[in-house]
Amino acid sequence: SPLLKQFEEVHMRVTVRCQHLYMTPLSGVKPVWDPEHQHYALPHHHLPLAINAIEAKLGSFVSTDAALHFIVYVPSVDQTPLRIHTPQQEPLPSNSFVVPRWGGVMIHNPPNRSEVGPDEDGVTRFPLDEHAIMTTILTQLHTLLPIPVLKARPGVSIAAPTSPELSQWQLDALTRARVTQYYDTTTTTLQSLHELVGEISNMVVSDEVGGWVWQSVEEWVACGEATQEGRLLEASRYCTTAHANAQAAFFHPSMLALLYFPDNQKYAIYVPLFLPVSIPVLLSFKMLFSLAKSYLKKPKRD
């Protein structure tokens, strides 16, 4: 898509995965019928419970990169139409909400049974409103990244965007925010790695890990220089590489093995093992010492 191509231009690698879940109710959340608005209401204080129910059924992907989830929930027939209510007990126009650093959820109600009848096999099928869904997802994406937007002021009207692509000033602001975040994260990761190596005396840093650290430091320095000189795209490339190398070095299996097996844990394992064995040995030495002492005190015969 044009938006993903823009992300690639600023060295943001985005991977999109899709998952379909059928017959998935909101466990622990029971919408209530609102006779005033003639729909089922999902109160705002039930939204965290809805997230827990949805997240428990999502597939897990092993990755050290951050992930955003965008959920389009189609309620069952017996809970349709379903609307999210605000604290003022009014239906939310967008019928969606955002969870910071996690993603967003949109409730998409199917049409009435009278509008869409079942097929020959008895299954009712209906098309999703792709325009409404993608508009909501893009709005949530702008909030989560974050991408700055112009705010309306008294006497000033803002025209709605005609394309999902970002304007140049939005792309520059996103790039600056990303460079700042990756630069700070790389600094913290390298400092933590330095402290880890200093605390664990028997840690052996392999050549592979050492190479990643040196590359990360070089790219980190180059990122700082490019930022000071205003070379934003180059700074984004440098900080992306520095962040990836720092994360690869810190989470290398050889480093994690020693991280979770420090010296105090060795003492906790070996002391209970050798202490029962050493007690009989010490008692034997004590007995031998007593025998030798008594033998030396024994008077000699002529």
# chains A, B, ... in the order shown; residues from 1 in each chain; ligands from 1
>>> select_by_dssp(residues="segment 56-291 of chain A", states="strand (DSSP E)", output="number ranges by chain")
A: 69-73, 82-84, 96-99, 103-107
>>> residues_around(residues="Gln19 of chain A", least_positions_apart="2", cutoff="10 Å", atoms="only C-alpha atoms", output="list in words")
Arg17, Leu21, Leu58, Gly59 and Ile71 of chain A
>>> residues_around(residues="Glu225 of chain A", least_positions_apart="4", cutoff="12 Å", atoms="only C-alpha atoms", output="list in words")
Tyr183, Glu218, Glu219, Trp220, Val221, Glu229, Gly230, Arg231, Leu232, Glu234, Ala235, Ser236, Tyr238 and Cys239 of chain A
>>> atom_distance(atom1="atom CA of Val10 of chain A", atom2="atom CA of Thr180 of chain A")
13.6 Å
>>> residues_around(residues="Pro25 of chain A", least_positions_apart="2", cutoff="8 Å", atoms="only C-alpha atoms", output="list in words")
Met23, Ser27, Pro75 and Ser76 of chain A
>>> write_last_selection(atoms="C-alpha atoms", output="CSV table (one decimal), in the first residue's frame")
chain,number,residue,atom,x,y,z
A,23,MET,CA,-17.3,-18.4,17.1
A,27,SER,CA,-15.8,-14.1,27.6
A,75,PRO,CA,-20.8,-9.7,17.2
A,76,SER,CA,-23.1,-12.7,17.2
>>> residues_around(residues="segment 160-177 of chain A", least_positions_apart="3", cutoff="8 Å", atoms="only C-alpha atoms", output="list in words")
Pro2, Leu3, Gln6, Val10, Leu138, Leu145, Pro146, Ile147, Pro148, Val149, Thr180, Gln181, Leu232, Leu233 and Ser236 of chain A
>>> atom_distance(atom1="atom CA of Trp102 of chain A", atom2="atom CA of Ala56 of chain A")
13.5 Å
>>> residues_around(residues="segment 242-245 of chain A", least_positions_apart="5", cutoff="9 Å", atoms="only C-alpha atoms", output="PyMOL selection string")
chain A and resi 182-183+185-187+189+209+211-220+223+237+250
>>> closest_residue(among="A:Leu92, A:Val14, A:Leu47, A:Leu26", to="Ala67 of chain A", atoms="only C-alpha atoms")
A:Val14
>>> residues_around(residues="Asn95 of chain A", least_positions_apart="5", cutoff="6 Å", atoms="only C-alpha atoms", output="MDAnalysis selection string")
chainID A and resid 83:84 107
>>> decode(residues="segment 138-289 of chain A", atoms="C-alpha atoms", output="tab-separated table (two decimals), in the first residue's frame")
chain	number	residue	atom	x	y	z
A	138	LEU	CA	-5.67	4.34	9.85
A	139	THR	CA	-7.01	6.73	12.48
A	140	GLN	CA	-5.95	4.34	15.23
A	141	LEU	CA	-2.54	3.87	13.59
A	142	HIS	CA	-1.98	7.63	13.53
A	143	THR	CA	-2.73	7.72	17.25
A	144	LEU	CA	-0.50	4.79	18.18
A	145	LEU	CA	2.68	5.57	16.23
A	146	PRO	CA	2.18	8.60	16.92
A	147	ILE	CA	1.63	10.61	13.75
A	148	PRO	CA	0.84	14.30	14.39
A	149	VAL	CA	-2.39	15.72	13.05
A	150	LEU	CA	-3.70	19.25	12.74
A	151	LYS	CA	-6.28	20.21	15.34
A	152	ALA	CA	-9.24	22.36	14.51
A	153	ARG	CA	-9.44	25.81	16.06
A	154	PRO	CA	-12.26	28.32	16.29
A	155	GLY	CA	-12.74	29.87	12.89
A	156	VAL	CA	-10.41	27.39	11.18
A	157	SER	CA	-11.69	24.34	9.34
A	158	ILE	CA	-9.49	21.41	8.35
A	159	ALA	CA	-10.28	19.49	5.20
A	160	ALA	CA	-10.43	15.73	5.50
A	161	PRO	CA	-7.49	13.93	3.87
A	162	THR	CA	-8.25	12.49	0.46
A	163	SER	CA	-5.47	9.89	0.58
A	164	PRO	CA	-4.15	7.49	3.23
A	165	GLU	CA	-0.62	8.69	2.50
A	166	LEU	CA	1.14	10.91	5.00
A	167	SER	CA	2.11	14.44	4.18
A	168	GLN	CA	5.79	15.30	4.18
A	169	TRP	CA	5.67	17.14	7.51
A	170	GLN	CA	3.91	14.19	9.14
A	171	LEU	CA	6.52	11.80	7.75
A	172	ASP	CA	9.34	14.01	9.02
A	173	ALA	CA	7.77	14.23	12.48
A	174	LEU	CA	7.34	10.46	12.59
A	175	THR	CA	10.95	9.95	11.53
A	176	ARG	CA	12.26	12.33	14.20
A	177	ALA	CA	10.21	10.60	16.90
A	178	ARG	CA	11.44	7.20	15.76
A	179	VAL	CA	15.09	8.30	15.65
A	180	THR	CA	14.79	9.70	19.18
A	181	GLN	CA	13.18	6.53	20.51
A	182	TYR	CA	15.67	4.16	18.87
A	183	TYR	CA	18.63	6.32	19.87
A	184	ASP	CA	17.58	6.30	23.53
A	185	THR	CA	16.72	2.58	23.46
A	186	THR	CA	20.08	1.70	21.93
A	187	THR	CA	21.87	3.75	24.57
A	188	THR	CA	20.01	1.97	27.36
A	189	THR	CA	20.62	-1.47	25.84
A	190	LEU	CA	24.35	-0.92	25.41
A	191	GLN	CA	24.68	0.43	28.95
A	192	SER	CA	22.79	-2.57	30.34
A	193	LEU	CA	25.02	-4.91	28.36
A	194	HIS	CA	28.14	-3.17	29.70
A	195	GLU	CA	26.89	-3.47	33.28
A	196	LEU	CA	25.96	-7.11	32.74
A	197	VAL	CA	29.42	-8.04	31.49
A	198	GLY	CA	31.00	-6.17	34.40
A	199	GLU	CA	28.86	-7.86	37.05
A	200	ILE	CA	29.27	-11.44	35.84
A	201	SER	CA	32.97	-12.23	36.05
A	202	ASN	CA	32.89	-15.53	34.18
A	203	MET	CA	30.91	-14.23	31.20
A	204	VAL	CA	32.63	-14.93	27.89
A	205	VAL	CA	31.59	-12.60	25.06
A	206	SER	CA	31.77	-14.39	21.73
A	207	ASP	CA	33.19	-12.80	18.60
A	208	GLU	CA	29.72	-12.68	17.09
A	209	VAL	CA	28.28	-10.74	20.02
A	210	GLY	CA	31.32	-8.48	20.13
A	211	GLY	CA	30.92	-7.70	16.43
A	212	TRP	CA	27.29	-6.75	16.93
A	213	VAL	CA	28.22	-4.47	19.81
A	214	TRP	CA	30.94	-2.69	17.82
A	215	GLN	CA	28.63	-2.25	14.83
A	216	SER	CA	25.90	-0.93	17.10
A	217	VAL	CA	28.27	1.60	18.66
A	218	GLU	CA	29.51	2.76	15.25
A	219	GLU	CA	25.98	3.16	13.89
A	220	TRP	CA	24.91	4.86	17.13
A	221	VAL	CA	27.68	7.46	16.77
A	222	ALA	CA	26.85	7.95	13.08
A	223	CYS	CA	23.18	8.44	13.99
A	224	GLY	CA	24.06	11.21	16.43
A	225	GLU	CA	26.24	12.97	13.85
A	226	ALA	CA	23.61	12.69	11.12
A	227	THR	CA	20.94	14.04	13.47
A	228	GLN	CA	23.03	17.07	14.38
A	229	GLU	CA	23.66	17.79	10.69
A	230	GLY	CA	19.97	17.43	9.79
A	231	ARG	CA	20.35	14.31	7.65
A	232	LEU	CA	17.12	12.75	8.86
A	233	LEU	CA	16.86	9.75	6.51
A	234	GLU	CA	20.45	8.73	7.15
A	235	ALA	CA	19.92	9.09	10.89
A	236	SER	CA	16.87	6.83	10.61
A	237	ARG	CA	18.91	4.19	8.80
A	238	TYR	CA	21.76	4.38	11.30
A	239	CYS	CA	19.52	4.19	14.36
A	240	THR	CA	17.57	1.25	12.92
A	241	THR	CA	20.77	-0.74	12.38
A	242	ALA	CA	22.19	0.26	15.77
A	243	HIS	CA	19.00	-0.76	17.54
A	244	ALA	CA	18.82	-4.12	15.73
A	245	ASN	CA	22.46	-4.98	16.51
A	246	ALA	CA	22.15	-3.94	20.16
A	247	GLN	CA	19.03	-6.06	20.60
A	248	ALA	CA	20.66	-9.03	18.86
A	249	ALA	CA	23.70	-8.82	21.15
A	250	PHE	CA	21.72	-8.41	24.35
A	251	PHE	CA	19.30	-11.26	23.62
A	252	HIS	CA	21.91	-13.67	22.27
A	253	PRO	CA	21.44	-17.15	23.80
A	254	SER	CA	24.99	-17.21	25.17
A	255	MET	CA	24.33	-13.98	27.08
A	256	LEU	CA	20.93	-15.03	28.37
A	257	ALA	CA	22.28	-18.34	29.65
A	258	LEU	CA	24.66	-16.56	32.03
A	259	LEU	CA	22.16	-13.85	32.80
A	260	TYR	CA	19.80	-16.41	34.32
A	261	PHE	CA	22.59	-18.40	36.01
A	262	PRO	CA	24.55	-15.92	38.19
A	263	ASP	CA	27.08	-16.79	40.91
A	264	ASN	CA	24.63	-16.63	43.80
A	265	GLN	CA	22.49	-19.20	42.02
A	266	LYS	CA	25.51	-21.48	41.72
A	267	TYR	CA	26.04	-21.28	45.47
A	268	ALA	CA	22.38	-22.06	46.04
A	269	ILE	CA	22.70	-25.19	43.89
A	270	TYR	CA	26.11	-26.55	44.92
A	271	VAL	CA	26.04	-25.86	48.67
A	272	PRO	CA	23.09	-28.19	49.40
A	273	LEU	CA	24.81	-30.81	47.23
A	274	PHE	CA	28.28	-30.77	48.79
A	275	LEU	CA	27.43	-29.84	52.38
A	276	PRO	CA	26.01	-33.28	53.33
A	277	VAL	CA	29.03	-34.94	51.72
A	278	SER	CA	31.54	-32.70	53.46
A	279	ILE	CA	30.20	-33.31	56.99
A	280	PRO	CA	31.30	-37.02	57.17
A	281	VAL	CA	34.67	-36.04	55.72
A	282	LEU	CA	35.18	-33.39	58.39
A	283	LEU	CA	34.13	-35.83	61.12
A	284	SER	CA	36.63	-38.36	59.78
A	285	PHE	CA	39.40	-35.77	59.94
A	286	LYS	CA	38.36	-34.97	63.50
A	287	MET	CA	38.55	-38.64	64.47
A	288	LEU	CA	41.95	-39.02	62.82
A	289	PHE	CA	43.20	-35.94	64.63
